[in-house]
Amino acid sequence: MATVAIVGASGYAGQETLDRVLAHPALELYALGSDSLAGEPAGTLDPRLSRNGWNRIPRFITNEAALAAGADVTLVCLSHEESASLEEPARGVVVDLSGAHRFLDPRVYDEWYGFAHPRPDALSGWSYGLPELSAPSGRLVANPGCYATAVLLALAPIASAVEPAGVVVDAKSGLTGAGRALRASSHAGAVLENVAPYRVGTHQHAPEIAAQLGFPVTFVPHLLPVRRGLLATCVVRSRGDDLRAVLEEHYAASHVVDVLPEGVVPELARVQQTDGAEIGVFEDRSTGDTIVICALDNLGKGAAGQAIQNVNVLYGLDETTGLRLAGVLV
């Protein structure tokens, strides 16, 4: 059993990560960090934790104490700027679910994240962990962003087979993608009965997508009036290859990413609460373009599920160990 410390466990991504660690057969929760809940029992976060065995879940400690706990695996679920300031533990695997370590070039943080990275020299020590496309390596892993995960799953396997100019991505996410912190744009009055684009042309996942694809895309995110789930519709033009065939071959052995049969569309309802992803491929009869759609749960494959998948890869476990993949949800 590998011991686990979760830093920032009281946020959405932290809570989802905690839930997966508790259900994982090869991971043992060792430290639970939250500055706002330090000293409190785990049930303060969610009374449902008693169903998982109240006595074996430790009380909350500060994030600093959790980071220094000496666990075999440290999962960091803090904001970008908070994570960027942390000095990683001297031992063990560290997976950062924020965007603080996804780029080698520190100038990206000034331009797209709104802060100067406080530890630019440390960025080269982190690997980008999207197991189906970019397997994690070393002990420091940057977990991809939720939108970036969906877009890259849809486009990275076909990147060399499409025209790089003019790729357009229309993406939509549930409001948990914005995190637990209160803000005017996430109030019920702003979200319910509404769909609105945000950070148009300025979203921080755009350079992440470009860095992995090798070319930029036009990326427009929208906020959906649902709690969770993400859908990315990508419009590309093939250079002649059968893009469906390329994607089917790439994901043929995957138990996480499913390329749906012709005519079947990805749906949020099938991926919500899971760590899987669905990809649909369609031809536009009017333009000849190809439409590749990816659906996933922004808190699952887009965050906590992917973090656990990265840990599985680094520990030589089956990638799907502890993931939520099976079942027919209603």
# chains A, B, ... in the order shown; residues from 1 in each chain; ligands from 1
call {"tool": "residues_around", "arguments": {"residues": "range 10-24 of chain A", "least_positions_apart": "5", "cutoff": "7 Å", "atoms": "only C-alpha atoms", "output": "list in words"}}
result
Leu29, Ser34, Leu45, Cys77, Thr176, Gly179, Arg180, Leu299, Ala303, Ala304, Thr321 and Gly322 of chain A
call {"tool": "residues_around", "arguments": {"residues": "range 187-191 of chain A", "least_positions_apart": "6", "cutoff": "9 Å", "atoms": "only C-alpha atoms", "output": "count of residues only"}}
result
5
call {"tool": "closest_residue", "arguments": {"among": "A:Glu267, A:Leu314, A:Arg59, A:Arg107", "to": "Leu140 in chain A", "atoms": "only C-alpha atoms"}}
result
A:Leu314
call {"tool": "closest_residue", "arguments": {"among": "A:Asp318, A:Asp297, A:Glu40, A:Asp35", "to": "Gly177 in chain A", "atoms": "only C-alpha atoms"}}
result
A:Asp297
call {"tool": "select_by_dssp", "arguments": {"residues": "range 36-253 of chain A", "states": "strand (DSSP E)", "output": "ChimeraX atom specification"}}
result
/A:60-61,73-76,93-96,127-128,140-142,168-173,196-197,218-223,230-236
call {"tool": "write_last_selection", "arguments": {"atoms": "N, CA and C atoms", "output": "CSV table (one decimal), in the first residue's frame"}}
result
chain,number,residue,atom,x,y,z
A,60,PHE,N,-8.4,16.6,9.6
A,60,PHE,CA,-7.7,17.6,8.7
A,60,PHE,C,-6.6,18.2,9.4
A,61,ILE,N,-5.5,18.4,8.7
A,61,ILE,CA,-4.4,19.2,9.1
A,61,ILE,C,-4.1,20.4,8.1
A,73,VAL,N,2.7,9.3,-1.9
A,73,VAL,CA,2.1,10.0,-3.0
A,73,VAL,C,1.5,11.3,-2.4
A,74,THR,N,1.7,12.4,-3.0
A,74,THR,CA,1.1,13.7,-2.6
A,74,THR,C,0.3,14.2,-3.7
A,75,LEU,N,-1.0,14.5,-3.5
A,75,LEU,CA,-1.9,15.0,-4.5
A,75,LEU,C,-2.2,16.4,-4.1
A,76,VAL,N,-1.8,17.4,-5.0
A,76,VAL,CA,-2.0,18.8,-4.7
A,76,VAL,C,-3.2,19.3,-5.4
A,93,VAL,N,6.0,10.5,-5.1
A,93,VAL,CA,5.3,11.0,-6.3
A,93,VAL,C,4.5,12.2,-5.9
A,94,VAL,N,4.5,13.2,-6.7
A,94,VAL,CA,3.7,14.4,-6.5
A,94,VAL,C,2.9,14.7,-7.8
A,95,VAL,N,1.6,14.7,-7.7
A,95,VAL,CA,0.7,15.1,-8.8
A,95,VAL,C,0.0,16.4,-8.5
A,96,ASP,N,0.3,17.4,-9.3
A,96,ASP,CA,-0.3,18.7,-9.1
A,96,ASP,C,-1.5,18.8,-10.1
A,127,SER,N,6.7,16.5,-15.4
A,127,SER,CA,6.2,15.9,-16.7
A,127,SER,C,4.8,16.2,-16.8
A,128,TYR,N,4.3,16.2,-18.0
A,128,TYR,CA,2.9,16.4,-18.3
A,128,TYR,C,2.2,15.0,-18.4
A,140,LEU,N,7.4,13.9,-10.5
A,140,LEU,CA,6.7,15.1,-10.4
A,140,LEU,C,5.8,15.2,-11.7
A,141,VAL,N,4.5,15.2,-11.5
A,141,VAL,CA,3.5,15.2,-12.6
A,141,VAL,C,2.6,16.3,-12.6
A,142,ALA,N,2.5,17.0,-13.7
A,142,ALA,CA,1.5,18.1,-13.9
A,142,ALA,C,0.2,17.4,-14.5
A,168,VAL,N,-11.2,25.0,-34.9
A,168,VAL,CA,-12.1,25.7,-33.9
A,168,VAL,C,-12.7,24.7,-32.9
A,169,VAL,N,-12.6,25.1,-31.6
A,169,VAL,CA,-13.1,24.3,-30.5
A,169,VAL,C,-14.2,25.0,-29.8
A,170,ASP,N,-15.4,24.5,-29.8
A,170,ASP,CA,-16.5,25.1,-28.9
A,170,ASP,C,-16.6,24.1,-27.8
A,171,ALA,N,-16.4,24.6,-26.5
A,171,ALA,CA,-16.4,23.7,-25.4
A,171,ALA,C,-17.3,24.2,-24.3
A,172,LYS,N,-17.9,23.3,-23.6
A,172,LYS,CA,-18.9,23.7,-22.5
A,172,LYS,C,-18.7,22.8,-21.3
A,173,SER,N,-18.7,23.5,-20.1
A,173,SER,CA,-18.4,22.8,-18.9
A,173,SER,C,-19.5,23.1,-17.8
A,196,ALA,N,-23.5,30.8,-21.1
A,196,ALA,CA,-22.7,32.0,-21.5
A,196,ALA,C,-21.3,31.6,-21.7
A,197,PRO,N,-20.7,32.2,-22.8
A,197,PRO,CA,-19.2,32.0,-23.0
A,197,PRO,C,-18.5,32.9,-22.0
A,218,THR,N,-8.6,27.9,-32.2
A,218,THR,CA,-9.6,28.9,-31.7
A,218,THR,C,-10.4,28.2,-30.7
A,219,PHE,N,-10.3,28.7,-29.4
A,219,PHE,CA,-11.0,27.9,-28.3
A,219,PHE,C,-11.9,28.9,-27.6
A,220,VAL,N,-13.2,28.5,-27.5
A,220,VAL,CA,-14.2,29.3,-26.8
A,220,VAL,C,-14.9,28.4,-25.8
A,221,PRO,N,-14.7,28.7,-24.5
A,221,PRO,CA,-15.4,27.9,-23.4
A,221,PRO,C,-16.7,28.5,-23.1
A,222,HIS,N,-17.7,27.7,-22.6
A,222,HIS,CA,-19.0,28.2,-22.1
A,222,HIS,C,-19.3,27.5,-20.8
A,223,LEU,N,-20.1,28.2,-20.0
A,223,LEU,CA,-20.6,27.6,-18.7
A,223,LEU,C,-22.0,27.1,-18.9
A,230,LEU,N,-18.3,17.9,-19.2
A,230,LEU,CA,-17.7,18.8,-20.2
A,230,LEU,C,-17.8,18.2,-21.6
A,231,LEU,N,-18.1,19.1,-22.5
A,231,LEU,CA,-18.2,18.6,-23.9
A,231,LEU,C,-17.4,19.6,-24.8
A,232,ALA,N,-16.5,19.0,-25.6
A,232,ALA,CA,-15.7,19.8,-26.5
A,232,ALA,C,-16.0,19.4,-28.0
A,233,THR,N,-16.5,20.3,-28.8
A,233,THR,CA,-16.7,20.1,-30.2
A,233,THR,C,-15.6,20.7,-31.0
A,234,CYS,N,-14.9,19.9,-31.7
A,234,CYS,CA,-13.7,20.3,-32.5
A,234,CYS,C,-14.0,20.2,-33.9
A,235,VAL,N,-13.7,21.3,-34.7
A,235,VAL,CA,-14.0,21.2,-36.1
A,235,VAL,C,-12.6,21.3,-36.8
A,236,VAL,N,-12.3,20.3,-37.6
A,236,VAL,CA,-11.0,20.2,-38.3
A,236,VAL,C,-11.2,19.9,-39.8
call {"tool": "decode", "arguments": {"residues": "range 142-226 of chain A", "atoms": "C-alpha atoms", "output": "short mmCIF file (atom, residue, chain, number, x, y, z; two decimals), in the first residue's frame"}}
result
data_model
loop_
_atom_site.label_atom_id
_atom_site.label_comp_id
_atom_site.auth_asym_id
_atom_site.auth_seq_id
_atom_site.Cartn_x
_atom_site.Cartn_y
_atom_site.Cartn_z
CA ALA A 142 1.46 18.06 -13.87
CA ASN A 143 -2.14 16.93 -14.30
CA PRO A 144 -3.71 18.42 -17.48
CA GLY A 145 -6.59 20.89 -17.39
CA CYS A 146 -10.11 19.59 -17.92
CA TYR A 147 -10.78 21.41 -21.20
CA ALA A 148 -7.28 20.59 -22.42
CA THR A 149 -7.84 16.91 -21.66
CA ALA A 150 -11.01 16.75 -23.75
CA VAL A 151 -9.54 18.68 -26.68
CA LEU A 152 -6.28 16.75 -26.68
CA LEU A 153 -8.02 13.38 -26.49
CA ALA A 154 -10.03 14.43 -29.55
CA LEU A 155 -7.24 16.04 -31.57
CA ALA A 156 -3.76 14.89 -30.52
CA PRO A 157 -3.92 11.48 -32.26
CA ILE A 158 -4.93 13.22 -35.53
CA ALA A 159 -2.84 16.39 -35.18
CA SER A 160 -0.49 15.49 -38.03
CA ALA A 161 -3.42 14.50 -40.27
CA VAL A 162 -5.35 17.80 -40.17
CA GLU A 163 -4.79 21.30 -41.46
CA PRO A 164 -3.42 23.20 -38.46
CA ALA A 165 -4.89 26.53 -39.53
CA GLY A 166 -8.54 27.16 -38.75
CA VAL A 167 -9.18 24.52 -36.07
CA VAL A 168 -12.12 25.66 -33.95
CA VAL A 169 -13.13 24.26 -30.55
CA ASP A 170 -16.48 25.05 -28.94
CA ALA A 171 -16.37 23.73 -25.37
CA LYS A 172 -18.88 23.68 -22.53
CA SER A 173 -18.45 22.77 -18.87
CA GLY A 174 -20.50 22.40 -15.72
CA LEU A 175 -20.00 25.01 -13.04
CA THR A 176 -17.79 22.81 -10.81
CA GLY A 177 -15.07 23.48 -13.37
CA ALA A 178 -14.82 26.97 -11.89
CA GLY A 179 -13.96 25.63 -8.43
CA ARG A 180 -15.66 26.02 -5.06
CA ALA A 181 -14.73 29.65 -4.39
CA LEU A 182 -17.71 32.01 -4.61
CA ARG A 183 -17.83 34.50 -7.45
CA ALA A 184 -20.61 36.47 -9.11
CA SER A 185 -20.43 34.46 -12.33
CA SER A 186 -21.16 31.20 -10.48
CA HIS A 187 -24.19 32.40 -8.49
CA ALA A 188 -27.40 30.55 -9.27
CA GLY A 189 -28.92 33.71 -10.74
CA ALA A 190 -26.12 33.91 -13.29
CA VAL A 191 -25.98 30.20 -14.16
CA LEU A 192 -29.49 28.73 -14.07
CA GLU A 193 -31.52 29.00 -17.27
CA ASN A 194 -28.46 30.41 -18.99
CA VAL A 195 -25.49 29.45 -21.16
CA ALA A 196 -22.71 31.99 -21.47
CA PRO A 197 -19.22 32.03 -22.99
CA TYR A 198 -16.42 33.26 -20.77
CA ARG A 199 -12.74 34.17 -21.06
CA VAL A 200 -13.29 34.35 -24.81
CA GLY A 201 -9.90 34.33 -26.50
CA THR A 202 -8.08 34.45 -23.15
CA HIS A 203 -8.67 31.11 -21.42
CA GLN A 204 -5.54 29.57 -19.86
CA HIS A 205 -6.19 26.16 -21.41
CA ALA A 206 -5.61 27.57 -24.91
CA PRO A 207 -1.79 27.71 -24.61
CA GLU A 208 -1.83 24.29 -22.94
CA ILE A 209 -3.68 22.83 -25.92
CA ALA A 210 -1.32 24.58 -28.34
CA ALA A 211 1.77 23.37 -26.49
CA GLN A 212 0.69 19.74 -26.78
CA LEU A 213 -0.73 19.85 -30.32
CA GLY A 214 2.08 21.93 -31.79
CA PHE A 215 -0.33 24.56 -33.16
CA PRO A 216 -2.93 26.94 -31.71
CA VAL A 217 -6.69 26.50 -32.00
CA THR A 218 -9.58 28.92 -31.69
CA PHE A 219 -10.97 27.95 -28.30
CA VAL A 220 -14.22 29.26 -26.81
CA PRO A 221 -15.40 27.89 -23.43
CA HIS A 222 -18.97 28.18 -22.13
CA LEU A 223 -20.57 27.64 -18.73
CA LEU A 224 -23.48 25.19 -18.59
CA PRO A 225 -26.22 25.23 -15.94
CA VAL A 226 -25.23 21.77 -14.72
#
